[in-house]
Structure formats: C-alpha cells, structure tokens
Amino acid sequence: MNKTALTYFLVALLISLSAKADDEAQTELRLNPKIEESRALARENYPFIRLDANKIIMNGADWGELRSRFAAARDSGELFSVVYLGDSHVQADFGGAVLRARLAHEANSAGRGLVIPFKLAGTNQPSDYGIHLHSAYLSAKLLKMPFTVEMPFTGIGIQPATAKARFEITAEEPFGLVRMHFRGASPSVASTRDLAMNRSVDFEYADSSVILARPTHRLLIEFEEADKTVFGGFELLNGNGGVLTHSIGNNGATYSSYANIDHFGPQIEALGADLVVIALGTNEAFGNTSEESLENDIDKLLAAIRRHNPKVNFLLVAPTECYRRTYRRRNGRRRAVGSTVNAKAARMKDVIRRYAEQNSIAFYDTYAVAGGSGSAAKMKAAKVLGADGVHFTAGGYRLWGALLADALIEELENEQASTSTK
C-alpha cells in the first residue's frame, strides 16, 4: 500500500470509528433516558400545536364493531382492552397514564392493567406501582442481547433462582385479581398475604390467575417451583367491567424488536386486545433502518399479532420531529458540540403513514399535530421536548397523552361513523 492510499485508509477508518462512537452515544441516550419534570399546561398554551390535525385518520378502517364494544364497556359493564405498545416514550408511562385515566373516565376502569417488573431488570419504571422479588433472580431486557432467559412479550423477563419465590406487588389502584404473564412452566401459588392489612387473604388460583377474597393495594404472592418460570408481568384487575389500558414500552425498542420476540403473537393474545395502539419509529430514525426494512418490520409485527388476534384493530402513531447530537474531535477527544434535526424521523413517519394508508389501518399523525417541520425547536423552547432533543419532559408526555386521548375518544364515540358502517 502506497503512502497516499494508506492516508486515505486511515482517514476512512477514523471517520468510521467516529461514526460508530456517535451511534453508541446516541444509543446510550435512548436506552437510558433521563426524563425531566415539567408541568403540562392547557393545550391553548402551546400555539405551535395544530389542534385541527388532532384526529384519527381512518384510511378506510372499519371501527364499527370496535365502537360498539367500547359503548358496551361504558353502558353495560363489558370489558374493553387497549394495548399501548411502544418505546421509551411509552415505558415511563407519563402519557400512558393520562390515556388510561381518560379512557377509564369515559367507560369506567376495569383495573390498572399490565404492570411490568422494569426496576427488577435495572431500568426505569412507572411510579404508580411497584414489584419486588424477595429472592435472587436472572433478568433480561428487550434491547440487551443475548437474552439470559426466555423473553416474554413485555420485553422484560424475570426468572427466580429459587423454587420458592415471593413477589410483592403494590399499586395505587386496588386490585382483586392478578393474572400472571410468563414463559415456561406455570408456577404454583402457595399463599397470598395482604400486606396493607398485614394478614393472609383467601384466594383461588386458576388459569394463571389469583382471585382474591378481597381487594388490596399491596399483595405478597408466594410461588412454588418458580425457578422454571420467566415472569414478564402481572395484570391487575378489579373485577369490574370497563376499560383496561395496558402500556408496554421498552427503551430503544423498534418494530423489529417486538416482531423478533419468539411467540410474540400468541403471548399478547392473553391480553384480549380490542385495540392495539403502536407508537414506534423514533429509534428507527437513529439506526440504519431503511424505508423498505421498516415497512417489512411493520408488516411482520402486525401479522404476528393479527394471526392470533384476528379481530383486533390497530392504530399506528407517528414519531415527532426530534434532534440528534453532533460531535467533533478536539485534541484527540470526541466532544458533543451541538445537535441537529434528525431528518430521518420525517422519512420514518412517512413510511408508517403510507403503510397505514395502503393497508386501511387507522393512523395518528403526531408529527403533524406538533406542527411538522421545525416543531422540535418550538417544543424544546416550550419545555415539551427535553434537553436531549429526543425524549419529552414529563409535562410533554402528559400533553401528548391528553391529545391522543382526545382524538381516540372522539373516534370511539363517533356515532355517525358507527351508523355509516352498519
């Protein structure tokens, strides 16, 4: 190799290593977000929000039966189940909590729904529940490969290291039924104890569900033969009809992350979803995902869900405009020097929108509601978007949860649309 060729090779190598380091830094930011606290103001206080765009774009999807089931939950005490699937925007649950509360207000609450042991796996967890395991265990997270245990559909897996294991579950909303979601063998339940009252509580155990004689906020469940089970989450119900909103979010998740979970479709079937809301696409905007591969990933995930849930309805949610960090080498060290708009987010949004249009799937255009191109700067100035330019502030998430709830409830209660589809 001559001197000129060697120089070109070294320059290319440095550029490649720098790009790899940049990608690793961006990945760390997305896998371990720091959500800033802020107060959510009324929608009118954010002039960049396009309220005229805050609606579900139906694309010819027939929600007639879905609206009837929602009305039955509201009027007759039937059960209506929503699965809110996404990435770090969903995991922290600031927006999901607003969506859950709003849907429950419209049609009553059937319980907290799915709670996932994020903290046991070493990641951030919503603040309205707690899960503690009184024994050693193995854990796995969706984005940390290879998995140390079988991966449940929740993207979090906890396998006790001992046959006897005691899970302590607390929640702000009282529950009288706990349904286990797991991989592997079904564990035996030895006893249950109401820790709020500090006494044992009678129970029945059938079909992986613990039915308590009385509701509680804080429960200790002692399992036997638990070392053959990988727990992915616990579904908390109050025994009433109404709406269950299950949030499943994992930092760094993409469409392919969930699609590649073994037996994802049959596992998620247990939640009995009437509607699956999928809010993904942000992380695809930071990786090497092409437009074609994203379309294939969407198709694969929806097919996996639909195969075992043929009557389920989907709502695809677009990502908003965001930033990515820029770096420069100074004195041999790589330093962050600023950020720039991540133009790929708009392209990923367009792929999701086109897929929804071509497949008659409902679509919610968060990108447009935020104001489209240039909205990232406005959101950041208004403290809706956080300092990292990717994650929203807590108030920002609550704002987006409220806006999504407005649009979704308006469509679910659209009697004119229901009548037109009969």
# chains A, B, ... in the order shown; residues from 1 in each chain; ligands from 1
$ select_by_dssp --residues "stretch 88-193 of chain A" --states "alpha helix (DSSP H)" --output "list in words"
Ser88, His89, Val90, Gln91, Phe94, Gly95, Gly96, Ala97, Val98, Leu99, Arg100, Ala101, Arg102, Leu103, Ala104, His105, Glu106 and Ala107 of chain A
$ residues_around --residues "stretch 129-138 of chain A" --least-positions-apart "3" --cutoff "6 Å" --atoms "only C-alpha atoms" --output "list of chain:residue names"
A:Pro117, A:Ile158, A:Gln159, A:Pro160, A:Ala161, A:Arg166, A:Phe167, A:Glu168, A:Ile169, A:Thr170, A:Ala171
$ write_last_selection --atoms "C-alpha atoms" --output "short mmCIF file (atom, residue, chain, number, x, y, z; two decimals), in the first residue's frame"
data_model
loop_
_atom_site.label_atom_id
_atom_site.label_comp_id
_atom_site.auth_asym_id
_atom_site.auth_seq_id
_atom_site.Cartn_x
_atom_site.Cartn_y
_atom_site.Cartn_z
CA PRO A 117 -41.04 -5.52 36.51
CA ILE A 158 -37.50 -12.17 35.44
CA GLN A 159 -36.64 -15.77 36.39
CA PRO A 160 -36.31 -16.58 40.13
CA ALA A 161 -33.18 -18.54 41.03
CA ARG A 166 -42.18 -14.21 46.87
CA PHE A 167 -43.32 -11.31 44.71
CA GLU A 168 -44.56 -8.16 46.41
CA ILE A 169 -46.90 -6.12 44.20
CA THR A 170 -48.17 -2.67 45.12
CA ALA A 171 -50.44 -0.37 43.13
#
$ atom_distance --atom1 "atom CA of A:Asn288" --atom2 "atom CA of A:Gly157"
27.0 Å
$ residues_around --residues "stretch 272-278 of chain A" --least-positions-apart "4" --cutoff "7 Å" --atoms "only C-alpha atoms" --output "PDB file with all heavy atoms, in the first residue's frame"
ATOM      1  N   LEU A  66     -65.657  -2.014  16.858  1.00  0.00           N
ATOM      2  CA  LEU A  66     -64.837  -1.521  17.954  1.00  0.00           C
ATOM      3  C   LEU A  66     -65.600  -0.467  18.757  1.00  0.00           C
ATOM      4  O   LEU A  66     -65.583  -0.469  20.002  1.00  0.00           O
ATOM      5  CB  LEU A  66     -63.534  -0.929  17.408  1.00  0.00           C
ATOM      6  CG  LEU A  66     -62.498  -0.488  18.451  1.00  0.00           C
ATOM      7  CD1 LEU A  66     -61.914  -1.695  19.173  1.00  0.00           C
ATOM      8  CD2 LEU A  66     -61.378   0.323  17.791  1.00  0.00           C
ATOM      9  N   PHE A  80     -63.279  -3.830  27.801  1.00  0.00           N
ATOM     10  CA  PHE A  80     -62.674  -3.287  26.589  1.00  0.00           C
ATOM     11  C   PHE A  80     -61.182  -3.145  26.854  1.00  0.00           C
ATOM     12  O   PHE A  80     -60.776  -2.465  27.794  1.00  0.00           O
ATOM     13  CB  PHE A  80     -63.294  -1.931  26.249  1.00  0.00           C
ATOM     14  CG  PHE A  80     -62.847  -1.334  24.946  1.00  0.00           C
ATOM     15  CD1 PHE A  80     -63.480  -1.680  23.763  1.00  0.00           C
ATOM     16  CD2 PHE A  80     -61.798  -0.419  24.894  1.00  0.00           C
ATOM     17  CE1 PHE A  80     -63.082  -1.117  22.549  1.00  0.00           C
ATOM     18  CE2 PHE A  80     -61.399   0.141  23.700  1.00  0.00           C
ATOM     19  CZ  PHE A  80     -62.041  -0.211  22.520  1.00  0.00           C
ATOM     20  N   SER A  81     -60.361  -3.783  26.027  1.00  0.00           N
ATOM     21  CA  SER A  81     -58.925  -3.858  26.284  1.00  0.00           C
ATOM     22  C   SER A  81     -58.124  -3.114  25.216  1.00  0.00           C
ATOM     23  O   SER A  81     -58.301  -3.347  24.019  1.00  0.00           O
ATOM     24  CB  SER A  81     -58.478  -5.326  26.335  1.00  0.00           C
ATOM     25  OG  SER A  81     -57.080  -5.422  26.509  1.00  0.00           O
ATOM     26  N   VAL A  82     -57.244  -2.217  25.687  1.00  0.00           N
ATOM     27  CA  VAL A  82     -56.348  -1.466  24.807  1.00  0.00           C
ATOM     28  C   VAL A  82     -54.908  -1.816  25.163  1.00  0.00           C
ATOM     29  O   VAL A  82     -54.537  -1.815  26.338  1.00  0.00           O
ATOM     30  CB  VAL A  82     -56.559   0.058  24.969  1.00  0.00           C
ATOM     31  CG1 VAL A  82     -55.570   0.829  24.096  1.00  0.00           C
ATOM     32  CG2 VAL A  82     -57.989   0.445  24.642  1.00  0.00           C
ATOM     33  N   VAL A  83     -54.096  -2.133  24.158  1.00  0.00           N
ATOM     34  CA  VAL A  83     -52.667  -2.341  24.351  1.00  0.00           C
ATOM     35  C   VAL A  83     -51.936  -1.172  23.710  1.00  0.00           C
ATOM     36  O   VAL A  83     -52.110  -0.893  22.522  1.00  0.00           O
ATOM     37  CB  VAL A  83     -52.186  -3.675  23.725  1.00  0.00           C
ATOM     38  CG1 VAL A  83     -50.664  -3.770  23.788  1.00  0.00           C
ATOM     39  CG2 VAL A  83     -52.811  -4.855  24.451  1.00  0.00           C
ATOM     40  N   TYR A  84     -51.153  -0.469  24.520  1.00  0.00           N
ATOM     41  CA  TYR A  84     -50.387   0.700  24.055  1.00  0.00           C
ATOM     42  C   TYR A  84     -48.927   0.276  23.999  1.00  0.00           C
ATOM     43  O   TYR A  84     -48.240   0.207  25.005  1.00  0.00           O
ATOM     44  CB  TYR A  84     -50.606   1.843  25.042  1.00  0.00           C
ATOM     45  CG  TYR A  84     -50.015   3.177  24.669  1.00  0.00           C
ATOM     46  CD1 TYR A  84     -49.823   3.558  23.346  1.00  0.00           C
ATOM     47  CD2 TYR A  84     -49.676   4.092  25.664  1.00  0.00           C
ATOM     48  CE1 TYR A  84     -49.303   4.789  23.023  1.00  0.00           C
ATOM     49  CE2 TYR A  84     -49.152   5.342  25.355  1.00  0.00           C
ATOM     50  CZ  TYR A  84     -48.966   5.688  24.037  1.00  0.00           C
ATOM     51  OH  TYR A  84     -48.443   6.931  23.719  1.00  0.00           O
ATOM     52  N   LEU A  85     -48.440  -0.010  22.789  1.00  0.00           N
ATOM     53  CA  LEU A  85     -47.127  -0.630  22.576  1.00  0.00           C
ATOM     54  C   LEU A  85     -46.153   0.400  22.020  1.00  0.00           C
ATOM     55  O   LEU A  85     -46.462   1.098  21.051  1.00  0.00           O
ATOM     56  CB  LEU A  85     -47.284  -1.796  21.588  1.00  0.00           C
ATOM     57  CG  LEU A  85     -46.050  -2.635  21.270  1.00  0.00           C
ATOM     58  CD1 LEU A  85     -45.605  -3.437  22.483  1.00  0.00           C
ATOM     59  CD2 LEU A  85     -46.350  -3.571  20.092  1.00  0.00           C
ATOM     60  N   GLY A  86     -44.947   0.468  22.618  1.00  0.00           N
ATOM     61  CA  GLY A  86     -44.011   1.455  22.108  1.00  0.00           C
ATOM     62  C   GLY A  86     -42.614   1.336  22.681  1.00  0.00           C
ATOM     63  O   GLY A  86     -42.184   0.271  23.112  1.00  0.00           O
ATOM     64  N   VAL A 312     -58.632  -8.021  16.079  1.00  0.00           N
ATOM     65  CA  VAL A 312     -58.037  -6.837  16.684  1.00  0.00           C
ATOM     66  C   VAL A 312     -57.985  -5.684  15.689  1.00  0.00           C
ATOM     67  O   VAL A 312     -57.877  -5.879  14.476  1.00  0.00           O
ATOM     68  CB  VAL A 312     -56.614  -7.160  17.198  1.00  0.00           C
ATOM     69  CG1 VAL A 312     -55.620  -7.284  16.040  1.00  0.00           C
ATOM     70  CG2 VAL A 312     -56.143  -6.118  18.202  1.00  0.00           C
ATOM     71  N   ASN A 313     -58.096  -4.471  16.197  1.00  0.00           N
ATOM     72  CA  ASN A 313     -57.940  -3.260  15.400  1.00  0.00           C
ATOM     73  C   ASN A 313     -56.623  -2.586  15.774  1.00  0.00           C
ATOM     74  O   ASN A 313     -56.159  -2.700  16.918  1.00  0.00           O
ATOM     75  CB  ASN A 313     -59.095  -2.289  15.676  1.00  0.00           C
ATOM     76  CG  ASN A 313     -60.420  -2.819  15.162  1.00  0.00           C
ATOM     77  OD1 ASN A 313     -60.804  -2.568  14.036  1.00  0.00           O
ATOM     78  ND2 ASN A 313     -61.129  -3.561  16.013  1.00  0.00           N
ATOM     79  N   PHE A 314     -56.044  -1.873  14.805  1.00  0.00           N
ATOM     80  CA  PHE A 314     -54.759  -1.213  15.038  1.00  0.00           C
ATOM     81  C   PHE A 314     -54.885   0.299  14.874  1.00  0.00           C
ATOM     82  O   PHE A 314     -55.694   0.796  14.077  1.00  0.00           O
ATOM     83  CB  PHE A 314     -53.701  -1.713  14.048  1.00  0.00           C
ATOM     84  CG  PHE A 314     -53.290  -3.139  14.250  1.00  0.00           C
ATOM     85  CD1 PHE A 314     -53.806  -4.147  13.444  1.00  0.00           C
ATOM     86  CD2 PHE A 314     -52.379  -3.484  15.243  1.00  0.00           C
ATOM     87  CE1 PHE A 314     -53.419  -5.467  13.620  1.00  0.00           C
ATOM     88  CE2 PHE A 314     -51.996  -4.795  15.435  1.00  0.00           C
ATOM     89  CZ  PHE A 314     -52.518  -5.796  14.627  1.00  0.00           C
ATOM     90  N   LEU A 315     -54.056   1.007  15.627  1.00  0.00           N
ATOM     91  CA  LEU A 315     -53.849   2.438  15.424  1.00  0.00           C
ATOM     92  C   LEU A 315     -52.347   2.665  15.428  1.00  0.00           C
ATOM     93  O   LEU A 315     -51.675   2.401  16.425  1.00  0.00           O
ATOM     94  CB  LEU A 315     -54.510   3.255  16.541  1.00  0.00           C
ATOM     95  CG  LEU A 315     -54.183   4.760  16.557  1.00  0.00           C
ATOM     96  CD1 LEU A 315     -54.641   5.428  15.268  1.00  0.00           C
ATOM     97  CD2 LEU A 315     -54.835   5.434  17.778  1.00  0.00           C
ATOM     98  N   LEU A 316     -51.793   3.123  14.300  1.00  0.00           N
ATOM     99  CA  LEU A 316     -50.360   3.398  14.192  1.00  0.00           C
ATOM    100  C   LEU A 316     -50.115   4.872  14.491  1.00  0.00           C
ATOM    101  O   LEU A 316     -50.793   5.748  13.935  1.00  0.00           O
ATOM    102  CB  LEU A 316     -49.840   3.040  12.800  1.00  0.00           C
ATOM    103  CG  LEU A 316     -50.059   1.597  12.338  1.00  0.00           C
ATOM    104  CD1 LEU A 316     -49.344   1.350  11.007  1.00  0.00           C
ATOM    105  CD2 LEU A 316     -49.595   0.601  13.385  1.00  0.00           C
ATOM    106  N   VAL A 317     -49.145   5.143  15.359  1.00  0.00           N
ATOM    107  CA  VAL A 317     -48.845   6.505  15.793  1.00  0.00           C
ATOM    108  C   VAL A 317     -47.478   6.906  15.252  1.00  0.00           C
ATOM    109  O   VAL A 317     -46.486   6.170  15.403  1.00  0.00           O
ATOM    110  CB  VAL A 317     -48.855   6.595  17.332  1.00  0.00           C
ATOM    111  CG1 VAL A 317     -48.480   7.999  17.793  1.00  0.00           C
ATOM    112  CG2 VAL A 317     -50.229   6.205  17.878  1.00  0.00           C
TER     113      VAL A 317
END
$ closest_residue --among "A:Lys228, A:Pro146, A:Lys119, A:Pro152" --to "A:Ala185" --atoms "only C-alpha atoms"
A:Lys228
$ residues_around --residues "A:Ser88" --least-positions-apart "2" --cutoff "6 Å" --atoms "only C-alpha atoms" --output "PyMOL selection string"
chain A and resi 90-91+249-251
$ closest_residue --among "A:Ala417, A:Ala362, A:Leu385, A:Val230" --to "A:Ile56" --atoms "only C-alpha atoms"
A:Ala362
$ closest_residue --among "A:Gln125, A:Ser200, A:Thr229, A:Asn359" --to "A:Ser247" --atoms "only C-alpha atoms"
A:Gln125
$ closest_atom_pairs --of "stretch 207-323 of chain A" --to "stretch 339-355 of chain A" --cutoff "7 Å" --atoms "only C-alpha atoms" --output "Markdown table"
| residue | atom | partner | partner_atom | distance |
| --- | --- | --- | --- | --- |
| A:Gly281 | CA | A:Met348 | CA | 6.1 |
| A:Thr282 | CA | A:Ala345 | CA | 6.4 |
| A:Ala285 | CA | A:Ala345 | CA | 4.9 |
| A:Glu291 | CA | A:Val351 | CA | 6.3 |
| A:Glu295 | CA | A:Val351 | CA | 6.5 |
| A:Ala318 | CA | A:Lys349 | CA | 5.3 |
| A:Pro319 | CA | A:Lys349 | CA | 6.1 |
| A:Glu321 | CA | A:Ala345 | CA | 6.0 |
| A:Cys322 | CA | A:Asn342 | CA | 5.8 |
| A:Tyr323 | CA | A:Val341 | CA | 4.3 |
$ closest_residue --among "A:Asn45, A:Ser109, A:Ser139, A:Thr393" --to "A:Leu244" --atoms "only C-alpha atoms"
A:Ser109
$ closest_residue --among "A:Ala107, A:Asn309, A:Leu99, A:Glu235" --to "A:Arg67" --atoms "only C-alpha atoms"
A:Ala107
$ closest_residue --among "A:Phe153, A:Phe118, A:Tyr397, A:Phe70" --to "A:Glu269" --atoms "only C-alpha atoms"
A:Phe153
